[in-house]
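model.pdb (PDB, C-alpha atoms, pLDDT in the B column)
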ATOM      1  CA  MET A   1       2.830 -10.654  15.984  1.00 41.00           C
ATOM      2  CA  SER A   2       0.584  -9.761  13.064  1.00 50.00           C
ATOM      3  CA  GLN A   3      -2.105  -7.148  13.521  1.00 78.00           C
ATOM      4  CA  LYS A   4      -4.907  -6.400  11.083  1.00 91.00           C
ATOM      5  CA  PRO A   5      -4.641  -2.997   9.439  1.00 96.00           C
ATOM      6  CA  LEU A   6      -6.995  -0.290  10.655  1.00 97.00           C
ATOM      7  CA  VAL A   7      -9.122   1.229   7.884  1.00 98.00           C
ATOM      8  CA  LYS A   8     -11.373   4.269   8.199  1.00 98.00           C
ATOM      9  CA  SER A   9     -13.149   6.530   5.701  1.00 98.00           C
ATOM     10  CA  PHE A  10     -13.304  10.295   6.091  1.00 97.00           C
ATOM     11  CA  VAL A  11     -14.943  13.136   4.199  1.00 96.00           C
ATOM     12  CA  ILE A  12     -13.011  16.405   4.024  1.00 96.00           C
ATOM     13  CA  ARG A  13     -15.246  19.016   5.692  1.00 94.00           C
ATOM     14  CA  ASN A  14     -13.086  22.121   5.998  1.00 92.00           C
ATOM     15  CA  SER A  15     -13.883  24.716   3.319  1.00 93.00           C
ATOM     16  CA  LEU A  16     -10.362  24.904   1.872  1.00 94.00           C
ATOM     17  CA  GLY A  17      -9.878  21.135   1.683  1.00 94.00           C
ATOM     18  CA  LEU A  18      -6.505  19.473   2.100  1.00 95.00           C
ATOM     19  CA  HIS A  19      -4.458  22.512   0.985  1.00 95.00           C
ATOM     20  CA  ALA A  20      -0.780  23.170   1.738  1.00 96.00           C
ATOM     21  CA  ARG A  21      -1.088  24.139   5.416  1.00 96.00           C
ATOM     22  CA  ALA A  22      -3.516  21.344   6.228  1.00 96.00           C
ATOM     23  CA  ALA A  23      -1.323  18.859   4.344  1.00 97.00           C
ATOM     24  CA  ALA A  24       1.741  20.009   6.299  1.00 97.00           C
ATOM     25  CA  VAL A  25      -0.112  19.547   9.594  1.00 97.00           C
ATOM     26  CA  LEU A  26      -1.228  16.059   8.542  1.00 98.00           C
ATOM     27  CA  VAL A  27       2.279  15.013   7.452  1.00 98.00           C
ATOM     28  CA  ALA A  28       3.786  16.384  10.684  1.00 98.00           C
ATOM     29  CA  LEU A  29       1.330  14.235  12.636  1.00 98.00           C
ATOM     30  CA  THR A  30       1.720  11.042  10.594  1.00 98.00           C
ATOM     31  CA  SER A  31       5.511  11.319  10.696  1.00 98.00           C
ATOM     32  CA  LYS A  32       5.429  10.912  14.490  1.00 98.00           C
ATOM     33  CA  PHE A  33       4.272   7.294  14.161  1.00 98.00           C
ATOM     34  CA  SER A  34       6.241   4.202  13.193  1.00 97.00           C
ATOM     35  CA  SER A  35       3.209   2.587  11.544  1.00 98.00           C
ATOM     36  CA  ASN A  36       2.750   2.495   7.782  1.00 98.00           C
ATOM     37  CA  ILE A  37       0.027   5.064   7.005  1.00 98.00           C
ATOM     38  CA  MET A  38      -1.572   5.202   3.573  1.00 98.00           C
ATOM     39  CA  ILE A  39      -4.342   7.435   2.243  1.00 98.00           C
ATOM     40  CA  ARG A  40      -6.476   6.474  -0.740  1.00 98.00           C
ATOM     41  CA  LYS A  41      -8.673   8.685  -2.912  1.00 98.00           C
ATOM     42  CA  GLU A  42     -10.607   6.568  -5.382  1.00 96.00           C
ATOM     43  CA  ASN A  43      -7.901   4.331  -6.951  1.00 95.00           C
ATOM     44  CA  PHE A  44      -4.960   6.577  -6.026  1.00 97.00           C
ATOM     45  CA  GLU A  45      -3.020   5.677  -2.859  1.00 98.00           C
ATOM     46  CA  ILE A  46      -0.207   7.664  -1.269  1.00 98.00           C
ATOM     47  CA  ASP A  47       2.117   7.517   1.744  1.00 98.00           C
ATOM     48  CA  ALA A  48       0.636   9.860   4.350  1.00 98.00           C
ATOM     49  CA  LYS A  49       4.137  10.831   5.500  1.00 98.00           C
ATOM     50  CA  SER A  50       4.909  12.440   2.117  1.00 98.00           C
ATOM     51  CA  ILE A  51       3.921  16.085   1.671  1.00 98.00           C
ATOM     52  CA  LEU A  52       4.010  15.732  -2.116  1.00 98.00           C
ATOM     53  CA  GLY A  53       1.872  12.619  -1.916  1.00 98.00           C
ATOM     54  CA  VAL A  54      -0.699  14.285   0.313  1.00 98.00           C
ATOM     55  CA  LEU A  55      -0.857  17.379  -1.894  1.00 97.00           C
ATOM     56  CA  SER A  56      -1.211  15.190  -5.009  1.00 97.00           C
ATOM     57  CA  LEU A  57      -4.534  13.917  -3.644  1.00 97.00           C
ATOM     58  CA  ALA A  58      -6.056  17.323  -4.507  1.00 96.00           C
ATOM     59  CA  ALA A  59      -8.661  16.636  -1.815  1.00 97.00           C
ATOM     60  CA  ILE A  60     -11.163  19.476  -1.909  1.00 96.00           C
ATOM     61  CA  TYR A  61     -14.180  19.959   0.348  1.00 95.00           C
ATOM     62  CA  GLY A  62     -16.395  16.865   0.162  1.00 95.00           C
ATOM     63  CA  THR A  63     -13.659  14.473  -0.979  1.00 97.00           C
ATOM     64  CA  GLU A  64     -13.792  10.990   0.543  1.00 98.00           C
ATOM     65  CA  LEU A  65     -10.461   9.603   1.717  1.00 98.00           C
ATOM     66  CA  VAL A  66      -9.697   6.167   3.119  1.00 98.00           C
ATOM     67  CA  VAL A  67      -6.895   5.913   5.682  1.00 98.00           C
ATOM     68  CA  THR A  68      -5.183   2.558   6.234  1.00 98.00           C
ATOM     69  CA  ILE A  69      -2.736   2.143   9.102  1.00 98.00           C
ATOM     70  CA  GLU A  70      -0.623  -0.899   9.868  1.00 98.00           C
ATOM     71  CA  GLY A  71       1.895  -1.141  12.698  1.00 97.00           C
ATOM     72  CA  GLU A  72       2.381  -1.272  16.423  1.00 95.00           C
ATOM     73  CA  ASP A  73       1.176   2.274  17.114  1.00 96.00           C
ATOM     74  CA  SER A  74      -1.731   2.096  14.661  1.00 97.00           C
ATOM     75  CA  ASP A  75      -4.447   2.652  17.286  1.00 97.00           C
ATOM     76  CA  ILE A  76      -3.029   5.930  18.557  1.00 98.00           C
ATOM     77  CA  ALA A  77      -2.148   7.021  15.014  1.00 98.00           C
ATOM     78  CA  MET A  78      -5.754   6.505  13.873  1.00 98.00           C
ATOM     79  CA  GLU A  79      -7.045   8.427  16.906  1.00 98.00           C
ATOM     80  CA  GLY A  80      -4.834  11.402  16.079  1.00 98.00           C
ATOM     81  CA  ILE A  81      -5.582  11.378  12.364  1.00 98.00           C
ATOM     82  CA  SER A  82      -9.317  10.995  12.995  1.00 97.00           C
ATOM     83  CA  SER A  83      -9.331  13.951  15.357  1.00 97.00           C
ATOM     84  CA  LEU A  84      -7.341  16.122  12.954  1.00 97.00           C
ATOM     85  CA  ILE A  85      -9.500  15.403   9.902  1.00 96.00           C
ATOM     86  CA  GLU A  86     -12.831  15.467  11.741  1.00 94.00           C
ATOM     87  CA  ASN A  87     -11.959  18.868  13.224  1.00 94.00           C
ATOM     88  CA  GLY A  88     -11.085  20.356   9.838  1.00 93.00           C
ATOM     89  CA  PHE A  89      -7.309  20.450  10.378  1.00 93.00           C
ATOM     90  CA  GLY A  90      -7.818  23.151  12.990  1.00 88.00           C
ATOM     91  CA  GLU A  91      -9.734  25.340  10.530  1.00 88.00           C
ATOM     92  CA  GLY A  92     -13.226  24.326  11.530  1.00 84.00           C
ATOM     93  CA  ILE A  93     -15.710  22.393   9.450  1.00 81.00           C
ATOM     94  CA  ASN A  94     -18.347  23.386   6.944  1.00 81.00           C
ATOM     95  CA  LEU A  95     -21.590  21.572   7.773  1.00 75.00           C
ATOM     96  CA  GLU A  96     -23.341  22.847   4.674  1.00 69.00           C
ATOM     97  CA  GLY A  97     -23.020  21.131   1.361  1.00 56.00           C
TER      98      GLY A  97
END
Turn the structure described in the file into structure tokens.
Amino acid sequence: MSQKPLVKSFVIRNSLGLHARAAAVLVALTSKFSSNIMIRKENFEIDAKSILGVLSLAAIYGTELVVTIEGEDSDIAMEGISSLIENGFGEGINLEG
């Protein structure tokens, strides 16, 4: 049973960007899912379940990231990731800029 990958773009809106604590929260979330979850910044793509990979994105405020999820729990994974990023990783969002 083949399912098309889910792809969604996000802009980092919390003031501190995807720093260590936010990256740890993201990796903790993505690691709960069996789906393959990748994050791309420009031409650089990483495994979203890798803390070093996520930190290597150096995603500051305003950075656009593209999340691609493929697997049987992809829908719920995308819902969780969307909520986390859109709410600024629990740090709030900066609407200015």
Non-local contacts of range 50-61 of chain A (6 Å; only C-alpha atoms; under 6 positions in same chain excluded) as a PyMOL selection string: chain A and resi 12-13+15+17-18
Gap from CA of Glu45 in chain A to CA of Val7 in chain A - Å, one decimal: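 Interatomic distance, CA of Glu45 in chain A to CA of Val7 in chain A: 13.1 Å.
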For CA of Leu29 in chain A and CA of Ile81 in chain A, the interatomic separation in Å (one decimal):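 Value for the CA of Leu29 in chain A-CA of Ile81 in chain A distance: 7.5 Å.
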Could you work out an axis-aligned box for range 82-86 of chain A, taking every atom the file lists and adding 5 Å on each side, and report centre and edge lengths in Å to one decimal, as AutoDock Vina command-line options?
--center_x -10.1 --center_y 13.6 --center_z 12.6 --size_x 15.5 --size_y 15.1 --size_z 15.5
Can you tell me which residues surround Asp73 in chain A at a distance of at most 10 Å, considering all atoms listed in the file, apart from same-chain residues fewer than 6 positions away, and format the answer as a PDB file with C-alpha atoms, in the coordinates of the input?
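Result file out.pdb:
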ATOM      1  CA  LYS A  32       5.429  10.912  14.490  1.00 98.00           C
ATOM      2  CA  PHE A  33       4.272   7.294  14.161  1.00 98.00           C
ATOM      3  CA  SER A  34       6.241   4.202  13.193  1.00 97.00           C
ATOM      4  CA  SER A  35       3.209   2.587  11.544  1.00 98.00           C
ATOM      5  CA  ASN A  36       2.750   2.495   7.782  1.00 98.00           C
TER       6      ASN A  36
END
Straight-line distance linking CA of Glu91 in chain A with CA of Ile39 in chain A, stated in Å to one decimal: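 Separation between CA of Glu91 in chain A and CA of Ile39 in chain A: 20.5 Å.
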Non-local contacts of Met78 in chain A (9 Å; all atoms listed in the file; under 5 positions in same chain excluded) as a VMD selection string: chain A and resid 6 to 8 67 to 69 73 83
Residues just named, written with C-alpha atoms as a PDB file, keeping the file's coordinate frame:
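Now in again-v6.pdb:
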ATOM      1  CA  LEU A   6      -6.995  -0.290  10.655  1.00 97.00           C
ATOM      2  CA  VAL A   7      -9.122   1.229   7.884  1.00 98.00           C
ATOM      3  CA  LYS A   8     -11.373   4.269   8.199  1.00 98.00           C
ATOM      4  CA  VAL A  67      -6.895   5.913   5.682  1.00 98.00           C
ATOM      5  CA  THR A  68      -5.183   2.558   6.234  1.00 98.00           C
ATOM      6  CA  ILE A  69      -2.736   2.143   9.102  1.00 98.00           C
ATOM      7  CA  ASP A  73       1.176   2.274  17.114  1.00 96.00           C
ATOM      8  CA  SER A  83      -9.331  13.951  15.357  1.00 97.00           C
TER       9      SER A  83
END
Result set, the PyMOL selection byres ((chain A and resi 43) around 12) on current file, as a PyMOL selection string: chain A and resi 39-42+44-46+57+64-66
Output C-alpha atoms for every residue in that selection, as a PDB file, keeping the file's coordinate frame.
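What ended up in part_12.pdb:
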ATOM      1  CA  ILE A  39      -4.342   7.435   2.243  1.00 98.00           C
ATOM      2  CA  ARG A  40      -6.476   6.474  -0.740  1.00 98.00           C
ATOM      3  CA  LYS A  41      -8.673   8.685  -2.912  1.00 98.00           C
ATOM      4  CA  GLU A  42     -10.607   6.568  -5.382  1.00 96.00           C
ATOM      5  CA  PHE A  44      -4.960   6.577  -6.026  1.00 97.00           C
ATOM      6  CA  GLU A  45      -3.020   5.677  -2.859  1.00 98.00           C
ATOM      7  CA  ILE A  46      -0.207   7.664  -1.269  1.00 98.00           C
ATOM      8  CA  LEU A  57      -4.534  13.917  -3.644  1.00 97.00           C
ATOM      9  CA  GLU A  64     -13.792  10.990   0.543  1.00 98.00           C
ATOM     10  CA  LEU A  65     -10.461   9.603   1.717  1.00 98.00           C
ATOM     11  CA  VAL A  66      -9.697   6.167   3.119  1.00 98.00           C
TER      12      VAL A  66
END
Who sits within 12 Å of Asn14 in chain A, all atoms listed in the file, same chain under 5 positions skipped, as a ChimeraX atom specification: /A:19,22,59-63,84-97
Nearest to Met38 in chain A by atom-to-atom distance, counting all atoms listed in the file, from A:Ala20, A:Ser9, A:Glu70, A:Glu79: A:Glu70
Expected answer as a list in words: all residues with atoms within 7 Å of (5.3, 11.9, 6.5), only C-alpha atoms: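 Applying the cut-off with only C-alpha atoms, one gets Val27, Ala28, Thr30, Ser31, Ala48, Lys49, Ser50 and Ile51 of chain A.
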Proximity to Gln3 in chain A - best of A:Ser82, A:Ala77, A:Ile37, A:Gly71, only C-alpha atoms: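 Closest candidate: A:Gly71.
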Where atoms are lacking, range 13-45 of chain A completed to N, CA and C atoms, as a PDB file, in the coordinates of the input:
ATOM      1  N   ARG A  13     -14.166  18.085   5.365  1.00 94.00           N
ATOM      2  CA  ARG A  13     -15.246  19.016   5.692  1.00 94.00           C
ATOM      3  C   ARG A  13     -14.793  20.449   5.940  1.00 94.00           C
ATOM      4  N   ASN A  14     -13.486  20.717   5.871  1.00 92.00           N
ATOM      5  CA  ASN A  14     -13.086  22.121   5.998  1.00 92.00           C
ATOM      6  C   ASN A  14     -13.177  22.771   4.621  1.00 92.00           C
ATOM      7  N   SER A  15     -13.572  24.019   4.576  1.00 93.00           N
ATOM      8  CA  SER A  15     -13.883  24.716   3.319  1.00 93.00           C
ATOM      9  C   SER A  15     -12.741  24.714   2.310  1.00 93.00           C
ATOM     10  N   LEU A  16     -11.507  24.822   2.782  1.00 94.00           N
ATOM     11  CA  LEU A  16     -10.362  24.904   1.872  1.00 94.00           C
ATOM     12  C   LEU A  16      -9.832  23.536   1.448  1.00 94.00           C
ATOM     13  N   GLY A  17     -10.354  22.473   2.030  1.00 94.00           N
ATOM     14  CA  GLY A  17      -9.878  21.135   1.683  1.00 94.00           C
ATOM     15  C   GLY A  17      -8.484  20.868   2.227  1.00 94.00           C
ATOM     16  N   LEU A  18      -7.838  19.890   1.644  1.00 95.00           N
ATOM     17  CA  LEU A  18      -6.505  19.473   2.100  1.00 95.00           C
ATOM     18  C   LEU A  18      -5.450  20.282   1.342  1.00 95.00           C
ATOM     19  N   HIS A  19      -5.397  21.589   1.631  1.00 95.00           N
ATOM     20  CA  HIS A  19      -4.458  22.512   0.985  1.00 95.00           C
ATOM     21  C   HIS A  19      -3.102  22.429   1.668  1.00 95.00           C
ATOM     22  N   ALA A  20      -2.165  23.282   1.285  1.00 96.00           N
ATOM     23  CA  ALA A  20      -0.780  23.170   1.738  1.00 96.00           C
ATOM     24  C   ALA A  20      -0.617  23.165   3.256  1.00 96.00           C
ATOM     25  N   ARG A  21      -1.272  24.093   3.966  1.00 96.00           N
ATOM     26  CA  ARG A  21      -1.088  24.139   5.416  1.00 96.00           C
ATOM     27  C   ARG A  21      -1.684  22.911   6.079  1.00 96.00           C
ATOM     28  N   ALA A  22      -2.871  22.528   5.660  1.00 96.00           N
ATOM     29  CA  ALA A  22      -3.516  21.344   6.228  1.00 96.00           C
ATOM     30  C   ALA A  22      -2.701  20.092   5.926  1.00 96.00           C
ATOM     31  N   ALA A  23      -2.159  20.007   4.713  1.00 97.00           N
ATOM     32  CA  ALA A  23      -1.323  18.859   4.344  1.00 97.00           C
ATOM     33  C   ALA A  23      -0.067  18.802   5.212  1.00 97.00           C
ATOM     34  N   ALA A  24       0.539  19.957   5.460  1.00 97.00           N
ATOM     35  CA  ALA A  24       1.741  20.009   6.299  1.00 97.00           C
ATOM     36  C   ALA A  24       1.442  19.558   7.723  1.00 97.00           C
ATOM     37  N   VAL A  25       0.288  19.966   8.247  1.00 97.00           N
ATOM     38  CA  VAL A  25      -0.112  19.547   9.594  1.00 97.00           C
ATOM     39  C   VAL A  25      -0.341  18.030   9.630  1.00 97.00           C
ATOM     40  N   LEU A  26      -0.990  17.500   8.610  1.00 98.00           N
ATOM     41  CA  LEU A  26      -1.228  16.059   8.542  1.00 98.00           C
ATOM     42  C   LEU A  26       0.080  15.277   8.460  1.00 98.00           C
ATOM     43  N   VAL A  27       0.991  15.711   7.606  1.00 98.00           N
ATOM     44  CA  VAL A  27       2.279  15.013   7.452  1.00 98.00           C
ATOM     45  C   VAL A  27       3.101  15.108   8.739  1.00 98.00           C
ATOM     46  N   ALA A  28       3.070  16.250   9.405  1.00 98.00           N
ATOM     47  CA  ALA A  28       3.786  16.384  10.684  1.00 98.00           C
ATOM     48  C   ALA A  28       3.248  15.378  11.699  1.00 98.00           C
ATOM     49  N   LEU A  29       1.939  15.198  11.710  1.00 98.00           N
ATOM     50  CA  LEU A  29       1.330  14.235  12.636  1.00 98.00           C
ATOM     51  C   LEU A  29       1.687  12.804  12.255  1.00 98.00           C
ATOM     52  N   THR A  30       1.479  12.434  11.003  1.00 98.00           N
ATOM     53  CA  THR A  30       1.720  11.042  10.594  1.00 98.00           C
ATOM     54  C   THR A  30       3.181  10.647  10.747  1.00 98.00           C
ATOM     55  N   SER A  31       4.077  11.606  10.591  1.00 98.00           N
ATOM     56  CA  SER A  31       5.511  11.319  10.696  1.00 98.00           C
ATOM     57  C   SER A  31       5.949  10.979  12.111  1.00 98.00           C
ATOM     58  N   LYS A  32       5.106  11.234  13.095  1.00 98.00           N
ATOM     59  CA  LYS A  32       5.429  10.912  14.490  1.00 98.00           C
ATOM     60  C   LYS A  32       5.260   9.422  14.790  1.00 98.00           C
ATOM     61  N   PHE A  33       4.598   8.693  13.899  1.00 98.00           N
ATOM     62  CA  PHE A  33       4.272   7.294  14.161  1.00 98.00           C
ATOM     63  C   PHE A  33       5.151   6.359  13.343  1.00 98.00           C
ATOM     64  N   SER A  34       5.434   5.196  13.907  1.00 97.00           N
ATOM     65  CA  SER A  34       6.241   4.202  13.193  1.00 97.00           C
ATOM     66  C   SER A  34       5.405   3.377  12.223  1.00 97.00           C
ATOM     67  N   SER A  35       4.095   3.369  12.405  1.00 98.00           N
ATOM     68  CA  SER A  35       3.209   2.587  11.544  1.00 98.00           C
ATOM     69  C   SER A  35       3.246   3.071  10.098  1.00 98.00           C
ATOM     70  N   ASN A  36       2.919   2.159   9.191  1.00 98.00           N
ATOM     71  CA  ASN A  36       2.750   2.495   7.782  1.00 98.00           C
ATOM     72  C   ASN A  36       1.359   3.116   7.637  1.00 98.00           C
ATOM     73  N   ILE A  37       1.296   4.343   7.119  1.00 98.00           N
ATOM     74  CA  ILE A  37       0.027   5.064   7.005  1.00 98.00           C
ATOM     75  C   ILE A  37      -0.178   5.448   5.549  1.00 98.00           C
ATOM     76  N   MET A  38      -1.253   4.939   4.973  1.00 98.00           N
ATOM     77  CA  MET A  38      -1.572   5.202   3.573  1.00 98.00           C
ATOM     78  C   MET A  38      -2.920   5.898   3.490  1.00 98.00           C
ATOM     79  N   ILE A  39      -3.068   6.769   2.491  1.00 98.00           N
ATOM     80  CA  ILE A  39      -4.342   7.435   2.243  1.00 98.00           C
ATOM     81  C   ILE A  39      -4.728   7.163   0.793  1.00 98.00           C
ATOM     82  N   ARG A  40      -5.985   6.773   0.603  1.00 98.00           N
ATOM     83  CA  ARG A  40      -6.476   6.474  -0.740  1.00 98.00           C
ATOM     84  C   ARG A  40      -7.626   7.415  -1.094  1.00 98.00           C
ATOM     85  N   LYS A  41      -7.575   7.916  -2.315  1.00 98.00           N
ATOM     86  CA  LYS A  41      -8.673   8.685  -2.912  1.00 98.00           C
ATOM     87  C   LYS A  41      -9.009   7.964  -4.209  1.00 98.00           C
ATOM     88  N   GLU A  42     -10.190   7.385  -4.243  1.00 96.00           N
ATOM     89  CA  GLU A  42     -10.607   6.568  -5.382  1.00 96.00           C
ATOM     90  C   GLU A  42      -9.581   5.451  -5.582  1.00 96.00           C
ATOM     91  N   ASN A  43      -8.888   5.393  -6.710  1.00 95.00           N
ATOM     92  CA  ASN A  43      -7.901   4.331  -6.951  1.00 95.00           C
ATOM     93  C   ASN A  43      -6.466   4.810  -6.787  1.00 95.00           C
ATOM     94  N   PHE A  44      -6.281   5.975  -6.192  1.00 97.00           N
ATOM     95  CA  PHE A  44      -4.960   6.577  -6.026  1.00 97.00           C
ATOM     96  C   PHE A  44      -4.574   6.516  -4.559  1.00 97.00           C
ATOM     97  N   GLU A  45      -3.453   5.842  -4.245  1.00 98.00           N
ATOM     98  CA  GLU A  45      -3.020   5.677  -2.859  1.00 98.00           C
ATOM     99  C   GLU A  45      -1.636   6.280  -2.667  1.00 98.00           C
TER     100      GLU A  45
END
